[in-house]
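Peer 1: Sharing a structure, written as structure tokens. Questions coming.
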Amino acid sequence: MKPVLFSFWRSLAAWRVRMALNLKNIEFDLSVVNLLEGDQFKDSFTHQNPEHSVPVLQMGEDTFAQSLAIIEYLNEAYDGKSLLPVDIKSRYLCRRFSLVSAADSHPVIVPRVRRLLAGEFGFNEAQVNEFCGYFMRRGCEAMEKLLSQTEYHSFSETGPYVLGSDVSMADLCLIPHIQGARNFGVDVSTYKKLLAIEEALFKLPEIEKAHPKYHPGFVKPE
Ligand SMILES: N[C@@H](CCC(=O)N[C@@H](CS)C(=O)NCC(=O)O)C(=O)O
């Protein structure tokens, strides 16, 4: 039986995992969890993940959650393209870059935070978007600056991705981050290094086919 990924088109974290599965050449089915309609709180989903969030990856009897933990698991359990570098300093750099988005920006822009801001703190839609845009912009700025620092910049001589010639978990965090920033009105045109990496990544079919626009239920942002 194929693995099932519980996913939503707008989820940045589920997007990371779709790209990882494609890069590892693992066929999977999608099960849509509509986060805007509250599917994450239904009993049928809650027993999969008590955090009420996607992605969740069902593989046989096993259930996996937390996108970066899933990516590392897939990397260790499956042959094929490595999603993290082998050299331990490069692995650290990969994780550090990934966490700028996955740990420091993305967690504060998710639906549960937006609901809280609007419901408990009276933010209107523009204020919620401004709040989210602020954190996504900070993430973009940090990633763009990191790429200029010697330890990251030296990779750029070997290839177009965050860590040079090999696509890594860092790229899987960068792509959804840029789109997430756009979704909240951030002008990303100043982040030239991020945009160049994004463009190179979308030339890969494994990356292209994971785009939310191919996801069931996709709604084109206005
Ligand atoms: N750290 C988790 C984040 C999971 C997460 O918060 N996912 C969001 C979508 S990107 C979600 O399902 N949110 C549901 C909600 O906020 O109600 C990961 O990387 O997997």
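Quick note on naming: the chains in the structure tokens go A, B, ... in the order shown, residues restart at 1 in each chain, and ligands are numbered from 1 in order of appearance.
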What lies within 12 Å of range 139-142 of chain A using only C-alpha atoms, ignoring chain neighbours under 5 positions off, as an mmCIF file with C-alpha atoms, in the first residue's frame?
Peer 2:
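Saved the output as result.cif:
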data_model
loop_
_atom_site.group_PDB
_atom_site.id
_atom_site.type_symbol
_atom_site.label_atom_id
_atom_site.label_comp_id
_atom_site.auth_asym_id
_atom_site.auth_seq_id
_atom_site.Cartn_x
_atom_site.Cartn_y
_atom_site.Cartn_z
ATOM 1 C CA ARG A 96 20.482 25.913 10.731
ATOM 2 C CA PHE A 97 19.176 27.337 7.467
ATOM 3 C CA SER A 98 16.076 25.129 7.567
ATOM 4 C CA LEU A 99 15.176 26.216 11.089
ATOM 5 C CA VAL A 100 15.172 29.920 10.211
ATOM 6 C CA SER A 101 11.889 29.228 8.495
ATOM 7 C CA ALA A 102 10.630 26.038 10.149
ATOM 8 C CA ALA A 103 11.306 27.054 13.765
ATOM 9 C CA ASP A 104 11.440 30.831 13.829
ATOM 10 C CA SER A 105 9.070 32.227 11.190
ATOM 11 C CA HIS A 106 6.557 29.644 10.081
ATOM 12 C CA PRO A 107 5.170 28.645 13.531
ATOM 13 C CA VAL A 108 3.766 32.116 14.161
ATOM 14 C CA ILE A 109 1.865 32.448 10.879
ATOM 15 C CA CYS A 132 2.458 37.328 9.481
ATOM 16 C CA GLY A 133 4.261 39.372 6.824
ATOM 17 C CA TYR A 134 6.578 40.783 9.504
ATOM 18 C CA LEU A 147 23.750 33.135 1.943
ATOM 19 C CA SER A 148 26.286 35.974 1.776
ATOM 20 C CA GLN A 149 28.274 34.660 4.712
ATOM 21 C CA CYS A 173 12.334 25.015 3.636
ATOM 22 C CA LEU A 174 13.294 27.938 1.411
ATOM 23 C CA ILE A 175 10.718 27.310 -1.332
ATOM 24 C CA PRO A 176 7.584 27.368 0.845
ATOM 25 C CA HIS A 177 9.012 30.239 2.878
ATOM 26 C CA ILE A 178 9.267 32.539 -0.151
ATOM 27 C CA GLN A 179 5.745 31.680 -1.285
ATOM 28 C CA GLY A 180 4.424 32.070 2.260
ATOM 29 C CA ALA A 181 6.024 35.521 2.370
ATOM 30 C CA ARG A 182 4.331 36.454 -0.907
ATOM 31 C CA VAL A 186 5.955 40.673 1.383
ATOM 32 C CA ASP A 187 7.820 42.179 -1.586
ATOM 33 C CA VAL A 188 10.357 39.400 -2.100
ATOM 34 C CA SER A 189 11.995 41.027 -5.146
ATOM 35 C CA THR A 190 14.878 42.332 -3.047
ATOM 36 C CA TYR A 191 15.942 38.846 -1.996
ATOM 37 C CA LYS A 192 17.944 38.134 -5.137
ATOM 38 C CA LYS A 193 19.794 35.101 -3.813
ATOM 39 C CA LEU A 194 16.607 33.444 -2.571
ATOM 40 C CA LEU A 195 14.868 34.068 -5.883
#
Peer 1: Could you give me, as a Markdown table, every chain A residue with an atom at most 10 Å from ligand 1, plus its closest atom pair and distance in Å to one decimal, counting only C-alpha atoms and all ligand atoms, rows ordered by chain then number?
Peer 2:
| residue | atom | partner | partner_atom_place_in_ligand_line | distance |
| --- | --- | --- | --- | --- |
| A:Phe6 | CA | ligand 1 | 12 (O) | 9.6 |
| A:Ser7 | CA | ligand 1 | 12 (O) | 8.1 |
| A:Phe8 | CA | ligand 1 | 9 (C) | 7.4 |
| A:Trp9 | CA | ligand 1 | 10 (S) | 9.2 |
| A:Arg10 | CA | ligand 1 | 10 (S) | 7.0 |
| A:Ser11 | CA | ligand 1 | 10 (S) | 3.6 |
| A:Leu12 | CA | ligand 1 | 10 (S) | 4.5 |
| A:Ala13 | CA | ligand 1 | 10 (S) | 4.5 |
| A:Ala14 | CA | ligand 1 | 10 (S) | 6.3 |
| A:Trp15 | CA | ligand 1 | 10 (S) | 8.2 |
| A:Arg16 | CA | ligand 1 | 19 (O) | 8.4 |
| A:Val17 | CA | ligand 1 | 20 (O) | 8.6 |
| A:Val33 | CA | ligand 1 | 12 (O) | 8.4 |
| A:Asn34 | CA | ligand 1 | 12 (O) | 9.0 |
| A:Leu35 | CA | ligand 1 | 14 (C) | 5.8 |
| A:Leu36 | CA | ligand 1 | 17 (O) | 7.8 |
| A:Glu37 | CA | ligand 1 | 17 (O) | 9.6 |
| A:Gly38 | CA | ligand 1 | 17 (O) | 7.3 |
| A:Asp39 | CA | ligand 1 | 17 (O) | 8.9 |
| A:Gln40 | CA | ligand 1 | 14 (C) | 6.5 |
| A:Phe41 | CA | ligand 1 | 17 (O) | 8.1 |
| A:Asn49 | CA | ligand 1 | 12 (O) | 9.7 |
| A:Glu51 | CA | ligand 1 | 4 (C) | 8.0 |
| A:His52 | CA | ligand 1 | 14 (C) | 5.9 |
| A:Ser53 | CA | ligand 1 | 12 (O) | 3.1 |
| A:Val54 | CA | ligand 1 | 12 (O) | 3.9 |
| A:Pro55 | CA | ligand 1 | 20 (O) | 5.5 |
| A:Val56 | CA | ligand 1 | 20 (O) | 7.8 |
| A:Phe64 | CA | ligand 1 | 20 (O) | 9.6 |
| A:Ala65 | CA | ligand 1 | 20 (O) | 6.1 |
| A:Gln66 | CA | ligand 1 | 20 (O) | 3.4 |
| A:Ser67 | CA | ligand 1 | 20 (O) | 3.8 |
| A:Leu68 | CA | ligand 1 | 19 (O) | 5.8 |
| A:Ala69 | CA | ligand 1 | 19 (O) | 7.9 |
| A:Ile70 | CA | ligand 1 | 20 (O) | 8.2 |
| A:Ile71 | CA | ligand 1 | 19 (O) | 9.8 |
| A:Leu99 | CA | ligand 1 | 19 (O) | 9.6 |
| A:Ser101 | CA | ligand 1 | 19 (O) | 9.5 |
| A:Ala102 | CA | ligand 1 | 19 (O) | 6.0 |
| A:Ala103 | CA | ligand 1 | 1 (N) | 7.0 |
| A:His106 | CA | ligand 1 | 10 (S) | 7.5 |
| A:Pro107 | CA | ligand 1 | 6 (O) | 6.0 |
| A:Val108 | CA | ligand 1 | 6 (O) | 8.7 |
| A:Ile109 | CA | ligand 1 | 16 (O) | 8.3 |
| A:Val110 | CA | ligand 1 | 16 (O) | 4.6 |
| A:Pro111 | CA | ligand 1 | 16 (O) | 3.8 |
| A:Arg112 | CA | ligand 1 | 16 (O) | 3.6 |
| A:Val113 | CA | ligand 1 | 16 (O) | 6.5 |
| A:Arg114 | CA | ligand 1 | 16 (O) | 7.9 |
| A:Arg115 | CA | ligand 1 | 17 (O) | 8.1 |
| A:Leu116 | CA | ligand 1 | 16 (O) | 9.8 |
| A:Cys173 | CA | ligand 1 | 19 (O) | 9.5 |
| A:Pro176 | CA | ligand 1 | 10 (S) | 9.5 |
| A:Gly180 | CA | ligand 1 | 10 (S) | 9.7 |
Peer 1: Name the residues in contact with Leu5 in chain A at a cut-off of 7 Å, using only C-alpha atoms, excluding same-chain residues fewer than 3 positions from it; report them as a list of chain:residue names.
Peer 2: A:Phe28, A:Asp29, A:Leu30, A:Ser31, A:Pro55, A:Val56, A:Leu57, A:Gln58
Peer 1: Quick one: everything within 9 Å of Ala20 in chain A, counting only C-alpha atoms, minus sequence neighbours fewer than 3 positions away in the same chain. Send it as number ranges by chain.
Peer 2: A: 15-17, 23-26, 70-71, 74-75, 83, 168-169, 172, 206-207
Peer 1: Would you save the residues of that selection, restricted to C-alpha atoms, as a compact mmCIF listing (two decimals), in the first residue's frame?
Peer 2:
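The resulting file, result-v7.txt, is shown below:
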# COMPACT_ATOMS: atom_id res chain seq x y z
CA TRP A 15 4.80 21.20 0.94
CA ARG A 16 8.27 20.43 2.35
CA VAL A 17 7.34 16.78 2.73
CA LEU A 23 13.05 13.56 -4.41
CA LYS A 24 13.21 10.16 -2.74
CA ASN A 25 11.07 8.78 -5.56
CA ILE A 26 8.43 7.51 -3.12
CA ILE A 70 9.82 13.29 8.55
CA ILE A 71 12.39 14.56 6.05
CA LEU A 74 12.94 9.56 4.89
CA ASN A 75 16.54 10.50 4.31
CA LEU A 83 18.37 15.28 1.55
CA SER A 168 18.86 19.59 0.55
CA MET A 169 16.35 20.07 3.34
CA LEU A 172 12.76 22.37 0.94
CA GLU A 206 10.35 16.61 -8.30
CA ILE A 207 10.10 20.17 -7.00
Peer 1: Name the closest residue to Ile197 in chain A among the candidates A:Asn183, A:Pro160, A:Pro216, A:Glu120; distances are taken between atoms, counting only C-alpha atoms.
Peer 2: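 Distance minimum relative to Ile197 in chain A lands on A:Pro160.
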Peer 1: Skip range 89-94 of chain A itself and residues of its chain fewer than 6 positions away, then list as a list in words all residues within 9 Å of it, counting only C-alpha atoms.
Peer 2: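 Once the nearby chain positions are removed, what remains is Glu151, Tyr152, Val162, Leu163, Ser168, Met169, Ala170 and Asp171 of chain A.
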Peer 1: Could you turn the residues from that selection into a file that holds C-alpha atoms, as an mmCIF file, in the first residue's frame?
Peer 2:
data_model
loop_
_atom_site.group_PDB
_atom_site.id
_atom_site.type_symbol
_atom_site.label_atom_id
_atom_site.label_comp_id
_atom_site.auth_asym_id
_atom_site.auth_seq_id
_atom_site.Cartn_x
_atom_site.Cartn_y
_atom_site.Cartn_z
ATOM 1 C CA GLU A 151 30.318 29.366 5.082
ATOM 2 C CA TYR A 152 27.180 29.418 2.897
ATOM 3 C CA VAL A 162 21.454 26.601 -0.817
ATOM 4 C CA LEU A 163 24.262 24.110 -0.287
ATOM 5 C CA SER A 168 18.862 19.590 0.555
ATOM 6 C CA MET A 169 16.346 20.066 3.342
ATOM 7 C CA ALA A 170 17.395 23.733 3.388
ATOM 8 C CA ASP A 171 15.950 24.159 -0.125
#
Peer 1: DSSP says strand (DSSP E) for which residues of range 20-103 of chain A? Put them as a PyMOL selection string?
Peer 2: chain A and resi 29-32+56-59+62-65
Peer 1: Take the selection from the previous step and output its residues with N, CA and C atoms, as a PDB file, in the first residue's frame.
Peer 2:
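Generated output (out_12.pdb):
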ATOM      1  N   ASP A  29      -0.145   8.731  -1.827  1.00  0.00           N
ATOM      2  CA  ASP A  29      -1.464   9.300  -2.053  1.00  0.00           C
ATOM      3  C   ASP A  29      -1.633  10.495  -1.123  1.00  0.00           C
ATOM      4  N   LEU A  30      -2.505  11.420  -1.544  1.00  0.00           N
ATOM      5  CA  LEU A  30      -2.771  12.592  -0.712  1.00  0.00           C
ATOM      6  C   LEU A  30      -4.134  12.460  -0.059  1.00  0.00           C
ATOM      7  N   SER A  31      -4.224  12.827   1.202  1.00  0.00           N
ATOM      8  CA  SER A  31      -5.523  12.935   1.852  1.00  0.00           C
ATOM      9  C   SER A  31      -5.651  14.394   2.312  1.00  0.00           C
ATOM     10  N   VAL A  32      -6.658  15.069   1.791  1.00  0.00           N
ATOM     11  CA  VAL A  32      -6.779  16.508   2.066  1.00  0.00           C
ATOM     12  C   VAL A  32      -7.348  16.746   3.462  1.00  0.00           C
ATOM     13  N   VAL A  56       0.974  14.888   8.117  1.00  0.00           N
ATOM     14  CA  VAL A  56       1.081  13.584   8.760  1.00  0.00           C
ATOM     15  C   VAL A  56       1.311  12.587   7.636  1.00  0.00           C
ATOM     16  N   LEU A  57       2.273  11.719   7.841  1.00  0.00           N
ATOM     17  CA  LEU A  57       2.579  10.716   6.823  1.00  0.00           C
ATOM     18  C   LEU A  57       2.290   9.346   7.403  1.00  0.00           C
ATOM     19  N   GLN A  58       1.369   8.652   6.740  1.00  0.00           N
ATOM     20  CA  GLN A  58       0.995   7.302   7.178  1.00  0.00           C
ATOM     21  C   GLN A  58       1.737   6.304   6.288  1.00  0.00           C
ATOM     22  N   MET A  59       2.605   5.505   6.902  1.00  0.00           N
ATOM     23  CA  MET A  59       3.338   4.496   6.128  1.00  0.00           C
ATOM     24  C   MET A  59       3.097   3.158   6.802  1.00  0.00           C
ATOM     25  N   ASP A  62       2.817   2.773  10.612  1.00  0.00           N
ATOM     26  CA  ASP A  62       3.488   3.910  11.261  1.00  0.00           C
ATOM     27  C   ASP A  62       2.900   5.249  10.835  1.00  0.00           C
ATOM     28  N   THR A  63       2.842   6.149  11.809  1.00  0.00           N
ATOM     29  CA  THR A  63       2.370   7.512  11.550  1.00  0.00           C
ATOM     30  C   THR A  63       3.490   8.480  11.904  1.00  0.00           C
ATOM     31  N   PHE A  64       3.804   9.361  10.972  1.00  0.00           N
ATOM     32  CA  PHE A  64       4.887  10.313  11.196  1.00  0.00           C
ATOM     33  C   PHE A  64       4.349  11.737  11.140  1.00  0.00           C
ATOM     34  N   ALA A  65       4.892  12.603  12.006  1.00  0.00           N
ATOM     35  CA  ALA A  65       4.521  14.028  11.972  1.00  0.00           C
ATOM     36  C   ALA A  65       5.769  14.868  12.193  1.00  0.00           C
TER      37      ALA A  65
END
Peer 1: CA of Arg18 in chain A to CA of Phe131 in chain A: how many Å, to one decimal?
Peer 2: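 These atoms are spaced 27.2 Å apart.
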Peer 1: Restricting the calculation to only C-alpha atoms: of A:Tyr73, A:Phe184, A:Arg95, A:Arg138, which residue gets closest to Ala126 in chain A?
Peer 2: A:Phe184
Peer 1: Report as an MDAnalysis selection string: the residues of range 25-218 of chain A with a DSSP assignment of alpha helix (DSSP H), based on the backbone of this structure.
Peer 2: chainID A and resid 43:46 67:77 88:102 111:119 125:148 150:153 169:183 192:201 205:208
